[in-house]
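Enquirer: This is the content of structure-v4.cif (mmCIF, C-alpha atoms):
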```cif
data_my_file
loop_
_atom_site.group_PDB
_atom_site.id
_atom_site.type_symbol
_atom_site.label_atom_id
_atom_site.label_comp_id
_atom_site.auth_asym_id
_atom_site.auth_seq_id
_atom_site.Cartn_x
_atom_site.Cartn_y
_atom_site.Cartn_z
ATOM 1 C CA LEU A 3 40.574 -30.317 86.692
ATOM 2 C CA TYR A 4 42.305 -30.306 90.056
ATOM 3 C CA VAL A 5 45.700 -30.093 88.378
ATOM 4 C CA ILE A 6 44.591 -27.066 86.364
ATOM 5 C CA GLY A 7 43.443 -25.413 89.590
ATOM 6 C CA VAL A 8 46.759 -26.116 91.306
ATOM 7 C CA LEU A 9 48.729 -24.806 88.321
ATOM 8 C CA PHE A 10 46.510 -21.718 88.167
ATOM 9 C CA VAL A 11 47.141 -20.903 91.836
ATOM 10 C CA ALA A 12 50.881 -21.595 91.516
ATOM 11 C CA SER A 13 51.105 -19.374 88.449
ATOM 12 C CA ALA A 14 49.183 -16.561 90.136
ATOM 13 C CA LEU A 15 51.454 -16.728 93.198
ATOM 14 C CA PHE A 16 54.619 -16.808 91.090
ATOM 15 C CA TRP A 17 53.681 -13.825 88.937
ATOM 16 C CA SER A 18 52.432 -11.807 91.905
ATOM 17 C CA VAL A 19 55.829 -12.234 93.586
ATOM 18 C CA PHE A 20 57.747 -11.727 90.331
ATOM 19 C CA GLU A 21 56.045 -8.384 89.683
ATOM 20 C CA GLN A 22 57.171 -7.125 93.090
ATOM 21 C CA ALA A 23 60.731 -6.805 91.761
ATOM 22 C CA GLY A 24 60.177 -3.201 90.713
ATOM 23 C CA SER A 25 58.766 -1.982 94.000
ATOM 24 C CA THR A 26 58.744 -4.036 97.177
ATOM 25 C CA LEU A 27 61.913 -6.029 96.500
ATOM 26 C CA ASN A 28 63.747 -2.869 95.480
ATOM 27 C CA LEU A 29 62.829 -1.260 98.803
ATOM 28 C CA PHE A 30 63.968 -4.408 100.612
ATOM 29 C CA ALA A 31 67.300 -4.313 98.776
ATOM 30 C CA ASP A 32 67.698 -0.631 99.586
ATOM 31 C CA ARG A 33 67.175 -1.167 103.311
ATOM 32 C CA ASN A 34 68.730 -4.593 103.937
ATOM 33 C CA THR A 35 71.565 -5.130 101.456
ATOM 34 C CA ASP A 36 75.214 -4.173 101.739
ATOM 35 C CA THR A 37 75.721 -2.178 98.557
ATOM 36 C CA ARG A 38 79.493 -2.005 98.557
ATOM 37 C CA ILE A 39 81.927 -3.761 96.247
ATOM 38 C CA PHE A 40 85.581 -3.512 97.186
ATOM 39 C CA GLY A 41 84.677 -0.677 99.556
ATOM 40 C CA GLN A 42 82.917 1.391 96.876
ATOM 41 C CA PRO A 43 79.187 2.000 97.428
ATOM 42 C CA PHE A 44 76.692 1.753 94.578
ATOM 43 C CA PRO A 45 72.964 2.550 94.401
ATOM 44 C CA SER A 46 70.587 -0.279 95.250
ATOM 45 C CA THR A 47 68.625 0.522 92.086
ATOM 46 C CA TRP A 48 71.414 -1.134 90.105
ATOM 47 C CA PHE A 49 70.024 -4.486 91.205
ATOM 48 C CA GLN A 50 67.155 -3.844 88.765
ATOM 49 C CA SER A 51 69.657 -3.841 85.900
ATOM 50 C CA LEU A 52 71.220 -7.226 86.676
ATOM 51 C CA ASN A 53 68.633 -9.324 84.833
ATOM 52 C CA SER A 54 68.982 -7.291 81.632
ATOM 53 C CA LEU A 55 72.756 -7.133 82.006
ATOM 54 C CA PHE A 56 73.047 -10.916 82.243
ATOM 55 C CA LEU A 57 70.828 -11.287 79.165
ATOM 56 C CA ILE A 58 72.993 -8.915 77.146
ATOM 57 C CA ILE A 59 76.255 -10.508 78.301
ATOM 58 C CA LEU A 60 75.211 -14.157 78.025
ATOM 59 C CA ALA A 61 73.169 -14.022 74.779
ATOM 60 C CA PRO A 62 76.255 -14.096 72.504
ATOM 61 C CA VAL A 63 77.769 -16.910 74.592
ATOM 62 C CA PHE A 64 74.675 -19.075 74.246
ATOM 63 C CA ALA A 65 74.307 -18.199 70.542
ATOM 64 C CA TRP A 66 77.886 -19.326 69.922
ATOM 65 C CA PHE A 67 77.345 -22.478 71.999
ATOM 66 C CA TRP A 68 74.148 -23.285 70.078
ATOM 67 C CA GLN A 69 75.945 -22.980 66.745
ATOM 68 C CA TRP A 70 78.877 -25.022 68.042
ATOM 69 C CA LEU A 71 76.479 -27.798 69.018
ATOM 70 C CA ALA A 72 74.727 -27.574 65.623
ATOM 71 C CA ALA A 73 78.052 -27.989 63.831
ATOM 72 C CA ARG A 74 78.627 -31.175 65.797
ATOM 73 C CA GLY A 75 75.155 -32.487 64.952
ATOM 74 C CA GLN A 76 73.877 -32.095 68.527
ATOM 75 C CA GLU A 77 71.685 -29.012 68.187
ATOM 76 C CA PRO A 78 69.208 -28.740 71.076
ATOM 77 C CA THR A 79 65.527 -28.679 70.224
#
```
What does this structure look like when you write it as structure tokens?
Expert:
Amino acid sequence: LYVIGVLFVASALFWSVFEQAGSTLNLFADRNTDTRIFGQPFPSTWFQSLNSLFLIILAPVFAWFWQWLAARGQEPT
């Protein structure tokens, strides 16, 4: 029962911080992050797109890798 309590508190803390990404962390990034790449500035709101961008870019790579492993008989479970 103690373990369930610890996991419950840890989960609540994690998700409360995770959900700050759209508000508090975006304000932090706007105020405290150098938003220049190669001298060109970009809006801090672009940081919100990085998670989705990595999913879109890396999904085909992992799909190919999964099928490559399956062809070799080493498909992950």
Enquirer: Which residues, written as a PyMOL selection string, have at least one atom at most 12 Å from stretch 16-26 of chain A, with only C-alpha atoms counted and residues fewer than 3 positions away on the same chain left out?
Expert: chain A and resi 9-13+29-33+46-53
Enquirer: Please, what distance in Å, to one decimal, runs between atom CA of A:Pro62 and atom CA of A:Thr79?
Expert: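 We find that atom CA of A:Pro62 and atom CA of A:Thr79 lie 18.2 Å from each other.
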Enquirer: What is the atom CA of A:Leu27-atom CA of A:Phe56 distance in Å, reported with one decimal?
Expert: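 Distance between the two atoms: 18.7 Å.
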